Protein chains: 2
Amino acid sequence: MTKKVTWDINPQRTALIIVDMQKVFCEKGQALYVPDTAQIIGHIQSLTALMRSKNMPVIYLRHVVRGDGSDTGRMKDLYPNVDEILARTDPAVEIIDELSPQVGDIIVDKLFYSGFHNTDLDAILRMKDIDTLIVCGTVTNVCCETTIRDGVHREYKMIAVSDANAAMAYPDMGFGAVSAAEVQRISLSAMAYEFAEVTTTENLIQRMA
Amino acid sequence: MTKKVTWDINPQRTALIIVDMQKVFCEKGQALYVPDTAQIIGHIQSLTALMRSKNMPVIYLRHVVRGDGSDTGRMKDLYPNVDEILARTDPAVEIIDELSPQVGDIIVDKLFYSGFHNTDLDAILRMKDIDTLIVCGTVTNVCCETTIRDGVHREYKMIAVSDANAAMAYPDMGFGAVSAAEVQRISLSAMAYEFAEVTTTENLIQRMA
């Protein structure tokens, strides 16, 4: 095992980004259900508890669209029912009860995968002088990794939490079906090599405690 | 096999993006050599020949830094020798001879993985009224896929060419070593599901001929 980077974590300048832990992704039977989200909720709870106890920002991203088709172009080409399943009036776009935002937490809604694209996330982070982002949530290689790629381009020190990000399986898109575990493994490996520090919940809690 | 999207290609509004086919990535012995680039050069030549014959824009991206450390923050954290291996004065940052830019082609230099970040690529494409981008080059899941993610967020119809993008292997970053073929397979699958149309050189040439 090789580790390319271990960034210093200054608790005064570090925020937690919780990606898309919405009912639509985390609850069985919902349109975009990611089964592995069940395994990361406890780890995210550990991270939020520590961060809140130290007054470190906890920021939630939510994938939410207007629902009238006015804001879903390419997203709708790829997910034709996006205006139904992610409409802002649908209760399924709310954060799951186990991770309910608390007073002082920040919610940033986004129209696509990246937490930075066409949102005020970057401005919020600058206002708070944040330079390090711990990213957890779902889907590992999509919204989490797109946010991580965008963050490192903006010179943030990005940290992906290996046991607090959940991936999903893909059907055969022409290259053979892919399991959630395979996606998780390749996404974490590529992030560790190219985009971020990748570490565990426990390691982060030790470093921030 | 499932295909989520097949975009209409209007030759008047379509450009080819050739990502990082620089000597440093494509020539044996160079610092960032990606062996699978050898297999895609012929396909990229087929695409450039067709596009140029129809006056469709051919745009090269190059990963180039100043070399004095002034522009390599997180990139340098992840690649400590980046100021040496991608400096603008190093002949290895030039495009390989087999794909030499021709009069009328456009070269866009970038400091990081994305062709859109802090470059004039988006402005160039708007000036030319381009709405569809065919992406080839290297490294599939890094500079190519980051440019594809950024492009689809900007509402471009993104097309990844499965046999004209080259990936590389990763050492064990804590999750087991990963072969270039595995990276290629998972990257193409995820792009086809989330970010782009994924198709072959031959299919594109038939549709554009």
# chains A, B, ... in the order shown; residues from 1 in each chain; ligands from 1
$ interface_residues --of "chain B" --to "chain A" --cutoff "7 Å" --atoms "only C-alpha atoms" --output "list in words"
Met1, Thr2, Lys3, Lys4, Val5, Gly73, Arg74, Asp77, Leu78, Phe112, Val152, His153, Glu155, Asp172, Met173, Gly174, Phe175, Val183, Arg185, Ile186, Ser189, Ala192 and Glu194 of chain B
$ write_last_selection --atoms "N, CA and C atoms" --output "tab-separated table (two decimals), in the first residue's frame"
chain	number	residue	atom	x	y	z
B	1	MET	N	-26.44	-5.57	-22.53
B	1	MET	CA	-25.92	-4.19	-22.66
B	1	MET	C	-27.06	-3.18	-22.76
B	2	THR	N	-26.90	-2.12	-22.02
B	2	THR	CA	-27.87	-1.03	-22.01
B	2	THR	C	-27.17	0.20	-22.55
B	3	LYS	N	-27.84	0.99	-23.35
B	3	LYS	CA	-27.27	2.28	-23.72
B	3	LYS	C	-28.25	3.34	-23.25
B	4	LYS	N	-27.77	4.28	-22.45
B	4	LYS	CA	-28.71	5.25	-21.89
B	4	LYS	C	-29.02	6.38	-22.85
B	5	VAL	N	-28.03	6.76	-23.64
B	5	VAL	CA	-28.23	7.94	-24.48
B	5	VAL	C	-27.43	7.81	-25.78
B	73	GLY	N	-0.28	23.72	-6.55
B	73	GLY	CA	-0.52	23.54	-5.13
B	73	GLY	C	-0.87	22.09	-4.82
B	74	ARG	N	-2.17	21.78	-4.89
B	74	ARG	CA	-2.61	20.40	-4.62
B	74	ARG	C	-2.04	19.43	-5.65
B	77	ASP	N	1.14	18.45	-4.37
B	77	ASP	CA	1.01	17.54	-3.22
B	77	ASP	C	0.86	16.10	-3.70
B	78	LEU	N	0.12	15.94	-4.81
B	78	LEU	CA	-0.16	14.59	-5.32
B	78	LEU	C	0.93	14.10	-6.27
B	112	PHE	N	-4.36	21.63	-14.66
B	112	PHE	CA	-4.78	20.53	-13.79
B	112	PHE	C	-5.44	19.48	-14.68
B	152	VAL	N	-20.42	17.94	-19.18
B	152	VAL	CA	-21.85	17.62	-19.06
B	152	VAL	C	-22.53	18.56	-18.06
B	153	HIS	N	-21.79	18.99	-17.02
B	153	HIS	CA	-22.35	19.99	-16.11
B	153	HIS	C	-22.63	21.31	-16.83
B	155	GLU	N	-23.71	21.45	-19.80
B	155	GLU	CA	-24.78	21.12	-20.76
B	155	GLU	C	-24.29	20.74	-22.15
B	172	ASP	N	-1.16	-0.58	-5.38
B	172	ASP	CA	-2.06	-0.77	-4.23
B	172	ASP	C	-2.08	0.50	-3.38
B	173	MET	N	-3.20	1.21	-3.41
B	173	MET	CA	-3.36	2.43	-2.62
B	173	MET	C	-4.11	2.14	-1.31
B	174	GLY	N	-4.18	0.85	-0.97
B	174	GLY	CA	-4.89	0.46	0.25
B	174	GLY	C	-6.08	-0.42	-0.06
B	175	PHE	N	-6.33	-0.60	-1.36
B	175	PHE	CA	-7.53	-1.35	-1.76
B	175	PHE	C	-7.19	-2.41	-2.80
B	183	VAL	N	-9.52	-0.34	-14.73
B	183	VAL	CA	-9.82	1.09	-14.66
B	183	VAL	C	-10.63	1.52	-15.89
B	185	ARG	N	-12.51	-0.29	-17.83
B	185	ARG	CA	-13.85	-0.89	-17.82
B	185	ARG	C	-14.80	-0.15	-16.86
B	186	ILE	N	-14.31	0.16	-15.68
B	186	ILE	CA	-15.18	0.82	-14.71
B	186	ILE	C	-15.40	2.28	-15.11
B	189	SER	N	-17.91	2.32	-17.97
B	189	SER	CA	-19.24	1.94	-17.49
B	189	SER	C	-19.89	3.11	-16.73
B	192	ALA	N	-20.84	5.91	-19.12
B	192	ALA	CA	-22.02	5.58	-19.92
B	192	ALA	C	-23.30	5.69	-19.09
B	194	GLU	N	-23.63	7.69	-16.21
B	194	GLU	CA	-23.81	8.94	-15.47
B	194	GLU	C	-23.51	10.21	-16.28
$ select_by_dssp --residues "segment 75-155 of chain A" --states "helix (DSSP H, G or I)" --output "PDB file with N, CA, C and O atoms, in the first residue's frame"
ATOM      1  N   MET A  75     -28.840  16.117 -17.643  1.00  0.00           N
ATOM      2  CA  MET A  75     -29.222  15.232 -16.528  1.00  0.00           C
ATOM      3  C   MET A  75     -30.467  14.432 -16.907  1.00  0.00           C
ATOM      4  O   MET A  75     -30.558  13.242 -16.613  1.00  0.00           O
ATOM      5  N   LYS A  76     -31.403  15.087 -17.573  1.00  0.00           N
ATOM      6  CA  LYS A  76     -32.637  14.405 -17.979  1.00  0.00           C
ATOM      7  C   LYS A  76     -32.384  13.428 -19.131  1.00  0.00           C
ATOM      8  O   LYS A  76     -33.045  12.396 -19.233  1.00  0.00           O
ATOM      9  N   ASP A  77     -31.415  13.759 -20.000  1.00  0.00           N
ATOM     10  CA  ASP A  77     -31.065  12.800 -21.058  1.00  0.00           C
ATOM     11  C   ASP A  77     -30.571  11.487 -20.439  1.00  0.00           C
ATOM     12  O   ASP A  77     -30.841  10.407 -20.949  1.00  0.00           O
ATOM     13  N   LEU A  78     -29.820  11.617 -19.343  1.00  0.00           N
ATOM     14  CA  LEU A  78     -29.237  10.431 -18.710  1.00  0.00           C
ATOM     15  C   LEU A  78     -30.198   9.786 -17.712  1.00  0.00           C
ATOM     16  O   LEU A  78     -30.186   8.572 -17.517  1.00  0.00           O
ATOM     17  N   VAL A  82     -35.829  12.274 -13.992  1.00  0.00           N
ATOM     18  CA  VAL A  82     -35.242  13.090 -12.927  1.00  0.00           C
ATOM     19  C   VAL A  82     -36.213  14.149 -12.390  1.00  0.00           C
ATOM     20  O   VAL A  82     -36.206  14.457 -11.189  1.00  0.00           O
ATOM     21  N   ASP A  83     -37.074  14.689 -13.248  1.00  0.00           N
ATOM     22  CA  ASP A  83     -37.997  15.724 -12.776  1.00  0.00           C
ATOM     23  C   ASP A  83     -39.039  15.172 -11.810  1.00  0.00           C
ATOM     24  O   ASP A  83     -39.607  15.916 -11.010  1.00  0.00           O
ATOM     25  N   GLU A  84     -39.285  13.870 -11.890  1.00  0.00           N
ATOM     26  CA  GLU A  84     -40.213  13.264 -10.923  1.00  0.00           C
ATOM     27  C   GLU A  84     -39.486  12.858  -9.639  1.00  0.00           C
ATOM     28  O   GLU A  84     -39.984  13.092  -8.547  1.00  0.00           O
ATOM     29  N   ILE A  85     -38.303  12.262  -9.782  1.00  0.00           N
ATOM     30  CA  ILE A  85     -37.698  11.627  -8.606  1.00  0.00           C
ATOM     31  C   ILE A  85     -36.877  12.569  -7.739  1.00  0.00           C
ATOM     32  O   ILE A  85     -36.610  12.251  -6.581  1.00  0.00           O
ATOM     33  N   PRO A  91     -41.046  14.628  -0.794  1.00  0.00           N
ATOM     34  CA  PRO A  91     -40.428  14.395   0.531  1.00  0.00           C
ATOM     35  C   PRO A  91     -39.190  13.502   0.462  1.00  0.00           C
ATOM     36  O   PRO A  91     -38.354  13.536   1.370  1.00  0.00           O
ATOM     37  N   ALA A  92     -39.041  12.738  -0.616  1.00  0.00           N
ATOM     38  CA  ALA A  92     -37.885  11.835  -0.734  1.00  0.00           C
ATOM     39  C   ALA A  92     -36.574  12.580  -0.940  1.00  0.00           C
ATOM     40  O   ALA A  92     -35.504  11.982  -0.816  1.00  0.00           O
ATOM     41  N   VAL A  93     -36.630  13.875  -1.257  1.00  0.00           N
ATOM     42  CA  VAL A  93     -35.358  14.600  -1.397  1.00  0.00           C
ATOM     43  C   VAL A  93     -34.813  15.081  -0.051  1.00  0.00           C
ATOM     44  O   VAL A  93     -33.693  15.601   0.024  1.00  0.00           O
ATOM     45  N   ASP A  97     -33.714  10.622   8.300  1.00  0.00           N
ATOM     46  CA  ASP A  97     -33.916  10.979   9.713  1.00  0.00           C
ATOM     47  C   ASP A  97     -32.672  10.714  10.566  1.00  0.00           C
ATOM     48  O   ASP A  97     -32.354  11.485  11.477  1.00  0.00           O
ATOM     49  N   GLU A  98     -31.958   9.637  10.250  1.00  0.00           N
ATOM     50  CA  GLU A  98     -30.783   9.272  11.066  1.00  0.00           C
ATOM     51  C   GLU A  98     -29.693  10.340  11.007  1.00  0.00           C
ATOM     52  O   GLU A  98     -28.811  10.374  11.871  1.00  0.00           O
ATOM     53  N   LEU A  99     -29.726  11.170   9.973  1.00  0.00           N
ATOM     54  CA  LEU A  99     -28.689  12.199   9.814  1.00  0.00           C
ATOM     55  C   LEU A  99     -29.301  13.601   9.759  1.00  0.00           C
ATOM     56  O   LEU A  99     -28.722  14.516   9.147  1.00  0.00           O
ATOM     57  N   LEU A 121     -21.434  26.944  -2.589  1.00  0.00           N
ATOM     58  CA  LEU A 121     -20.557  26.187  -1.687  1.00  0.00           C
ATOM     59  C   LEU A 121     -19.181  26.846  -1.558  1.00  0.00           C
ATOM     60  O   LEU A 121     -18.659  27.012  -0.443  1.00  0.00           O
ATOM     61  N   ASP A 122     -18.579  27.201  -2.677  1.00  0.00           N
ATOM     62  CA  ASP A 122     -17.240  27.792  -2.627  1.00  0.00           C
ATOM     63  C   ASP A 122     -17.252  29.093  -1.821  1.00  0.00           C
ATOM     64  O   ASP A 122     -16.355  29.343  -1.002  1.00  0.00           O
ATOM     65  N   ALA A 123     -18.274  29.904  -2.019  1.00  0.00           N
ATOM     66  CA  ALA A 123     -18.370  31.169  -1.270  1.00  0.00           C
ATOM     67  C   ALA A 123     -18.536  30.909   0.230  1.00  0.00           C
ATOM     68  O   ALA A 123     -17.910  31.574   1.059  1.00  0.00           O
ATOM     69  N   ILE A 124     -19.366  29.950   0.578  1.00  0.00           N
ATOM     70  CA  ILE A 124     -19.553  29.607   1.997  1.00  0.00           C
ATOM     71  C   ILE A 124     -18.222  29.185   2.616  1.00  0.00           C
ATOM     72  O   ILE A 124     -17.854  29.611   3.717  1.00  0.00           O
ATOM     73  N   LEU A 125     -17.487  28.353   1.906  1.00  0.00           N
ATOM     74  CA  LEU A 125     -16.208  27.857   2.437  1.00  0.00           C
ATOM     75  C   LEU A 125     -15.204  28.990   2.590  1.00  0.00           C
ATOM     76  O   LEU A 125     -14.452  29.042   3.568  1.00  0.00           O
ATOM     77  N   ARG A 126     -15.197  29.927   1.647  1.00  0.00           N
ATOM     78  CA  ARG A 126     -14.277  31.069   1.760  1.00  0.00           C
ATOM     79  C   ARG A 126     -14.667  31.972   2.924  1.00  0.00           C
ATOM     80  O   ARG A 126     -13.802  32.459   3.657  1.00  0.00           O
ATOM     81  N   MET A 127     -15.973  32.185   3.094  1.00  0.00           N
ATOM     82  CA  MET A 127     -16.422  33.006   4.225  1.00  0.00           C
ATOM     83  C   MET A 127     -15.928  32.441   5.536  1.00  0.00           C
ATOM     84  O   MET A 127     -15.589  33.166   6.462  1.00  0.00           O
ATOM     85  N   THR A 140     -20.314   7.195  -4.173  1.00  0.00           N
ATOM     86  CA  THR A 140     -18.861   7.391  -4.093  1.00  0.00           C
ATOM     87  C   THR A 140     -18.248   8.003  -5.351  1.00  0.00           C
ATOM     88  O   THR A 140     -17.601   9.036  -5.305  1.00  0.00           O
ATOM     89  N   ASN A 141     -18.452   7.318  -6.483  1.00  0.00           N
ATOM     90  CA  ASN A 141     -17.743   7.702  -7.711  1.00  0.00           C
ATOM     91  C   ASN A 141     -18.487   8.757  -8.531  1.00  0.00           C
ATOM     92  O   ASN A 141     -17.981   9.193  -9.556  1.00  0.00           O
ATOM     93  N   VAL A 142     -19.681   9.148  -8.088  1.00  0.00           N
ATOM     94  CA  VAL A 142     -20.464  10.104  -8.875  1.00  0.00           C
ATOM     95  C   VAL A 142     -20.485  11.451  -8.142  1.00  0.00           C
ATOM     96  O   VAL A 142     -19.590  12.274  -8.321  1.00  0.00           O
ATOM     97  N   CYS A 143     -21.455  11.687  -7.275  1.00  0.00           N
ATOM     98  CA  CYS A 143     -21.547  13.004  -6.642  1.00  0.00           C
ATOM     99  C   CYS A 143     -20.394  13.256  -5.676  1.00  0.00           C
ATOM    100  O   CYS A 143     -19.885  14.374  -5.597  1.00  0.00           O
ATOM    101  N   CYS A 144     -19.972  12.234  -4.931  1.00  0.00           N
ATOM    102  CA  CYS A 144     -18.854  12.433  -4.001  1.00  0.00           C
ATOM    103  C   CYS A 144     -17.571  12.728  -4.788  1.00  0.00           C
ATOM    104  O   CYS A 144     -16.885  13.719  -4.521  1.00  0.00           O
ATOM    105  N   GLU A 145     -17.276  11.887  -5.772  1.00  0.00           N
ATOM    106  CA  GLU A 145     -16.009  12.049  -6.501  1.00  0.00           C
ATOM    107  C   GLU A 145     -16.028  13.294  -7.391  1.00  0.00           C
ATOM    108  O   GLU A 145     -14.987  13.946  -7.567  1.00  0.00           O
ATOM    109  N   THR A 146     -17.169  13.639  -7.970  1.00  0.00           N
ATOM    110  CA  THR A 146     -17.219  14.866  -8.780  1.00  0.00           C
ATOM    111  C   THR A 146     -16.959  16.077  -7.889  1.00  0.00           C
ATOM    112  O   THR A 146     -16.241  17.009  -8.273  1.00  0.00           O
ATOM    113  N   THR A 147     -17.519  16.073  -6.690  1.00  0.00           N
ATOM    114  CA  THR A 147     -17.282  17.168  -5.739  1.00  0.00           C
ATOM    115  C   THR A 147     -15.812  17.197  -5.315  1.00  0.00           C
ATOM    116  O   THR A 147     -15.218  18.272  -5.178  1.00  0.00           O
ATOM    117  N   ILE A 148     -15.225  16.026  -5.148  1.00  0.00           N
ATOM    118  CA  ILE A 148     -13.806  15.950  -4.782  1.00  0.00           C
ATOM    119  C   ILE A 148     -12.921  16.454  -5.920  1.00  0.00           C
ATOM    120  O   ILE A 148     -11.978  17.220  -5.701  1.00  0.00           O
ATOM    121  N   ARG A 149     -13.228  16.043  -7.151  1.00  0.00           N
ATOM    122  CA  ARG A 149     -12.443  16.545  -8.293  1.00  0.00           C
ATOM    123  C   ARG A 149     -12.564  18.071  -8.389  1.00  0.00           C
ATOM    124  O   ARG A 149     -11.566  18.774  -8.598  1.00  0.00           O
ATOM    125  N   ASP A 150     -13.787  18.571  -8.252  1.00  0.00           N
ATOM    126  CA  ASP A 150     -13.971  20.017  -8.338  1.00  0.00           C
ATOM    127  C   ASP A 150     -13.278  20.729  -7.181  1.00  0.00           C
ATOM    128  O   ASP A 150     -12.724  21.820  -7.356  1.00  0.00           O
ATOM    129  N   GLY A 151     -13.287  20.140  -6.015  1.00  0.00           N
ATOM    130  CA  GLY A 151     -12.661  20.766  -4.848  1.00  0.00           C
ATOM    131  C   GLY A 151     -11.149  20.850  -4.972  1.00  0.00           C
ATOM    132  O   GLY A 151     -10.543  21.877  -4.658  1.00  0.00           O
ATOM    133  N   VAL A 152     -10.527  19.777  -5.443  1.00  0.00           N
ATOM    134  CA  VAL A 152      -9.062  19.802  -5.545  1.00  0.00           C
ATOM    135  C   VAL A 152      -8.623  20.774  -6.638  1.00  0.00           C
ATOM    136  O   VAL A 152      -7.578  21.426  -6.510  1.00  0.00           O
ATOM    137  N   HIS A 153      -9.424  20.922  -7.704  1.00  0.00           N
ATOM    138  CA  HIS A 153      -9.114  21.945  -8.706  1.00  0.00           C
ATOM    139  C   HIS A 153      -9.169  23.354  -8.102  1.00  0.00           C
ATOM    140  O   HIS A 153      -8.479  24.259  -8.566  1.00  0.00           O
TER     141      HIS A 153
END
$ select_by_dssp --residues "segment 36-184 of chain A" --states "strand (DSSP E or B)" --output "ChimeraX atom specification"
/A:58-63,65,87,95,106-110,132-138,157-166,170,178
$ write_last_selection --atoms "N, CA, C and O atoms" --output "compact mmCIF listing (two decimals), in the first residue's frame"
# COMPACT_ATOMS: atom_id res chain seq x y z
N VAL A 58 -20.66 21.50 9.45
CA VAL A 58 -21.24 20.30 8.84
C VAL A 58 -22.14 20.79 7.69
O VAL A 58 -23.09 21.54 7.92
N ILE A 59 -21.77 20.42 6.49
CA ILE A 59 -22.47 20.92 5.29
C ILE A 59 -23.09 19.74 4.55
O ILE A 59 -22.41 18.77 4.21
N TYR A 60 -24.39 19.83 4.32
CA TYR A 60 -25.11 18.80 3.58
C TYR A 60 -25.30 19.24 2.14
O TYR A 60 -25.76 20.37 1.90
N LEU A 61 -25.01 18.36 1.20
CA LEU A 61 -25.42 18.57 -0.19
C LEU A 61 -26.70 17.75 -0.44
O LEU A 61 -26.85 16.67 0.11
N ARG A 62 -27.58 18.34 -1.25
CA ARG A 62 -28.77 17.59 -1.69
C ARG A 62 -28.92 17.75 -3.20
O ARG A 62 -28.78 18.86 -3.73
N HIS A 63 -29.22 16.66 -3.87
CA HIS A 63 -29.51 16.73 -5.31
C HIS A 63 -31.01 16.98 -5.45
O HIS A 63 -31.83 16.12 -5.14
N VAL A 65 -34.03 19.18 -7.93
CA VAL A 65 -34.34 19.98 -9.12
C VAL A 65 -35.70 20.65 -8.94
O VAL A 65 -36.46 20.30 -8.02
N ALA A 87 -37.63 16.10 -7.58
CA ALA A 87 -38.33 17.39 -7.49
C ALA A 87 -38.31 17.92 -6.06
O ALA A 87 -38.47 17.17 -5.09
N ILE A 95 -33.13 14.92 3.70
CA ILE A 95 -32.07 14.12 4.34
C ILE A 95 -32.74 13.06 5.23
O ILE A 95 -33.77 13.31 5.85
N ILE A 106 -25.37 23.49 7.56
CA ILE A 106 -25.64 24.22 6.32
C ILE A 106 -26.09 23.22 5.26
O ILE A 106 -25.49 22.16 5.11
N ILE A 107 -27.14 23.58 4.54
CA ILE A 107 -27.62 22.73 3.43
C ILE A 107 -27.39 23.47 2.12
O ILE A 107 -27.78 24.62 1.98
N VAL A 108 -26.74 22.80 1.17
CA VAL A 108 -26.51 23.35 -0.16
C VAL A 108 -27.20 22.44 -1.17
O VAL A 108 -26.85 21.27 -1.28
N ASP A 109 -28.18 22.98 -1.88
CA ASP A 109 -28.84 22.21 -2.94
C ASP A 109 -28.10 22.40 -4.25
O ASP A 109 -27.61 23.50 -4.55
N LYS A 110 -28.01 21.33 -5.01
CA LYS A 110 -27.32 21.37 -6.30
C LYS A 110 -28.19 20.68 -7.33
O LYS A 110 -28.97 19.80 -7.01
N THR A 132 -9.86 22.65 4.05
CA THR A 132 -9.84 21.18 4.03
C THR A 132 -11.27 20.65 4.11
O THR A 132 -12.05 21.10 4.95
N LEU A 133 -11.60 19.72 3.23
CA LEU A 133 -12.95 19.17 3.18
C LEU A 133 -12.91 17.66 3.34
O LEU A 133 -12.24 16.96 2.57
N ILE A 134 -13.66 17.18 4.31
CA ILE A 134 -13.83 15.74 4.52
C ILE A 134 -15.15 15.36 3.84
O ILE A 134 -16.21 15.89 4.18
N VAL A 135 -15.08 14.44 2.87
CA VAL A 135 -16.26 14.13 2.06
C VAL A 135 -16.76 12.72 2.37
O VAL A 135 -15.99 11.74 2.30
N CYS A 136 -18.05 12.63 2.70
CA CYS A 136 -18.69 11.34 2.91
C CYS A 136 -20.06 11.37 2.21
O CYS A 136 -20.50 12.41 1.74
N GLY A 137 -20.71 10.21 2.12
CA GLY A 137 -22.05 10.17 1.54
C GLY A 137 -22.12 9.24 0.34
O GLY A 137 -21.40 8.24 0.25
N THR A 138 -22.97 9.59 -0.61
CA THR A 138 -23.23 8.72 -1.75
C THR A 138 -23.52 9.56 -2.99
O THR A 138 -23.97 10.71 -2.84
N LYS A 157 -7.87 20.99 0.18
CA LYS A 157 -7.33 19.69 0.55
C LYS A 157 -8.52 18.76 0.73
O LYS A 157 -9.30 18.92 1.68
N MET A 158 -8.67 17.83 -0.19
CA MET A 158 -9.85 16.97 -0.20
C MET A 158 -9.53 15.63 0.48
O MET A 158 -8.49 15.01 0.19
N ILE A 159 -10.44 15.18 1.33
CA ILE A 159 -10.27 13.88 2.01
C ILE A 159 -11.53 13.05 1.76
O ILE A 159 -12.64 13.47 2.09
N ALA A 160 -11.35 11.88 1.17
CA ALA A 160 -12.46 10.95 0.97
C ALA A 160 -12.42 9.90 2.08
O ALA A 160 -11.37 9.34 2.37
N VAL A 161 -13.55 9.65 2.70
CA VAL A 161 -13.61 8.70 3.81
C VAL A 161 -14.00 7.33 3.25
O VAL A 161 -15.13 7.14 2.79
N SER A 162 -13.06 6.39 3.30
CA SER A 162 -13.25 5.12 2.59
C SER A 162 -14.46 4.34 3.11
O SER A 162 -15.15 3.68 2.34
N ASP A 163 -14.74 4.40 4.42
CA ASP A 163 -15.85 3.64 4.98
C ASP A 163 -17.07 4.52 5.27
O ASP A 163 -17.98 4.11 6.00
N ALA A 164 -17.09 5.70 4.70
CA ALA A 164 -18.26 6.57 4.86
C ALA A 164 -18.72 7.12 3.50
O ALA A 164 -19.39 8.14 3.42
N ASN A 165 -18.34 6.41 2.44
CA ASN A 165 -18.85 6.69 1.09
C ASN A 165 -19.43 5.39 0.55
O ASN A 165 -18.80 4.34 0.67
N ALA A 166 -20.59 5.47 -0.08
CA ALA A 166 -21.26 4.27 -0.59
C ALA A 166 -21.41 4.34 -2.10
O ALA A 166 -21.87 5.34 -2.65
N TYR A 170 -23.34 -1.21 -11.40
CA TYR A 170 -23.82 -0.82 -12.72
C TYR A 170 -24.21 -2.05 -13.53
O TYR A 170 -23.51 -3.07 -13.46
N VAL A 178 -20.84 -4.40 -13.41
CA VAL A 178 -19.83 -4.01 -12.42
C VAL A 178 -20.49 -4.00 -11.04
O VAL A 178 -21.56 -3.40 -10.87
$ atom_distance --atom1 "atom CA of Ser100 of chain A" --atom2 "atom CA of Asp20 of chain A"
12.2 Å
$ residues_around --residues "Pro11 of chain A" --least-positions-apart "5" --cutoff "8 Å" --atoms "only C-alpha atoms" --output "MDAnalysis selection string"
chainID A and resid 54 56 208
$ closest_residue --among "A:Thr89, A:Gln102, A:Ile130, A:Thr201" --to "Ile41 of chain A" --atoms "only C-alpha atoms"
A:Thr201
$ atom_distance --atom1 "atom CA of Val139 of chain A" --atom2 "atom CA of Thr200 of chain A"
16.8 Å
$ atom_distance --atom1 "atom CA of Ile44 of chain A" --atom2 "atom CA of Ala180 of chain A"
19.2 Å
$ decode --residues "segment 116-127 of chain B" --atoms "N, CA, C and O atoms" --output "CSV table (one decimal), in the first residue's frame"
chain,number,residue,atom,x,y,z
B,116,PHE,N,-11.7,22.4,-18.7
B,116,PHE,CA,-12.5,23.6,-18.5
B,116,PHE,C,-12.0,24.5,-17.4
B,116,PHE,O,-12.3,25.7,-17.4
B,117,HIS,N,-11.3,23.9,-16.5
B,117,HIS,CA,-11.0,24.7,-15.3
B,117,HIS,C,-9.9,25.8,-15.6
B,117,HIS,O,-8.8,25.4,-15.9
B,118,ASN,N,-10.3,27.0,-15.4
B,118,ASN,CA,-9.3,28.1,-15.6
B,118,ASN,C,-8.7,28.2,-17.0
B,118,ASN,O,-7.6,28.6,-17.1
B,119,THR,N,-9.5,27.8,-18.0
B,119,THR,CA,-9.0,27.9,-19.4
B,119,THR,C,-10.1,28.6,-20.2
B,119,THR,O,-11.2,28.9,-19.7
B,120,ASP,N,-9.8,28.9,-21.5
B,120,ASP,CA,-10.8,29.5,-22.3
B,120,ASP,C,-11.5,28.5,-23.2
B,120,ASP,O,-12.2,28.9,-24.2
B,121,LEU,N,-11.5,27.2,-22.8
B,121,LEU,CA,-12.2,26.2,-23.6
B,121,LEU,C,-13.7,26.5,-23.8
B,121,LEU,O,-14.2,26.4,-24.9
B,122,ASP,N,-14.3,26.8,-22.7
B,122,ASP,CA,-15.8,27.0,-22.8
B,122,ASP,C,-16.1,28.2,-23.7
B,122,ASP,O,-17.0,28.2,-24.5
B,123,ALA,N,-15.3,29.3,-23.6
B,123,ALA,CA,-15.5,30.5,-24.5
B,123,ALA,C,-15.2,30.1,-25.9
B,123,ALA,O,-16.0,30.5,-26.8
B,124,ILE,N,-14.2,29.3,-26.2
B,124,ILE,CA,-13.9,28.9,-27.6
B,124,ILE,C,-15.1,28.1,-28.2
B,124,ILE,O,-15.6,28.4,-29.3
B,125,LEU,N,-15.6,27.2,-27.4
B,125,LEU,CA,-16.7,26.4,-27.8
B,125,LEU,C,-18.0,27.2,-28.1
B,125,LEU,O,-18.7,27.0,-29.0
B,126,ARG,N,-18.2,28.2,-27.2
B,126,ARG,CA,-19.4,29.1,-27.4
B,126,ARG,C,-19.2,29.9,-28.7
B,126,ARG,O,-20.2,30.1,-29.4
B,127,MET,N,-18.0,30.4,-28.9
B,127,MET,CA,-17.8,31.2,-30.1
B,127,MET,C,-18.1,30.4,-31.3
B,127,MET,O,-18.6,31.0,-32.3
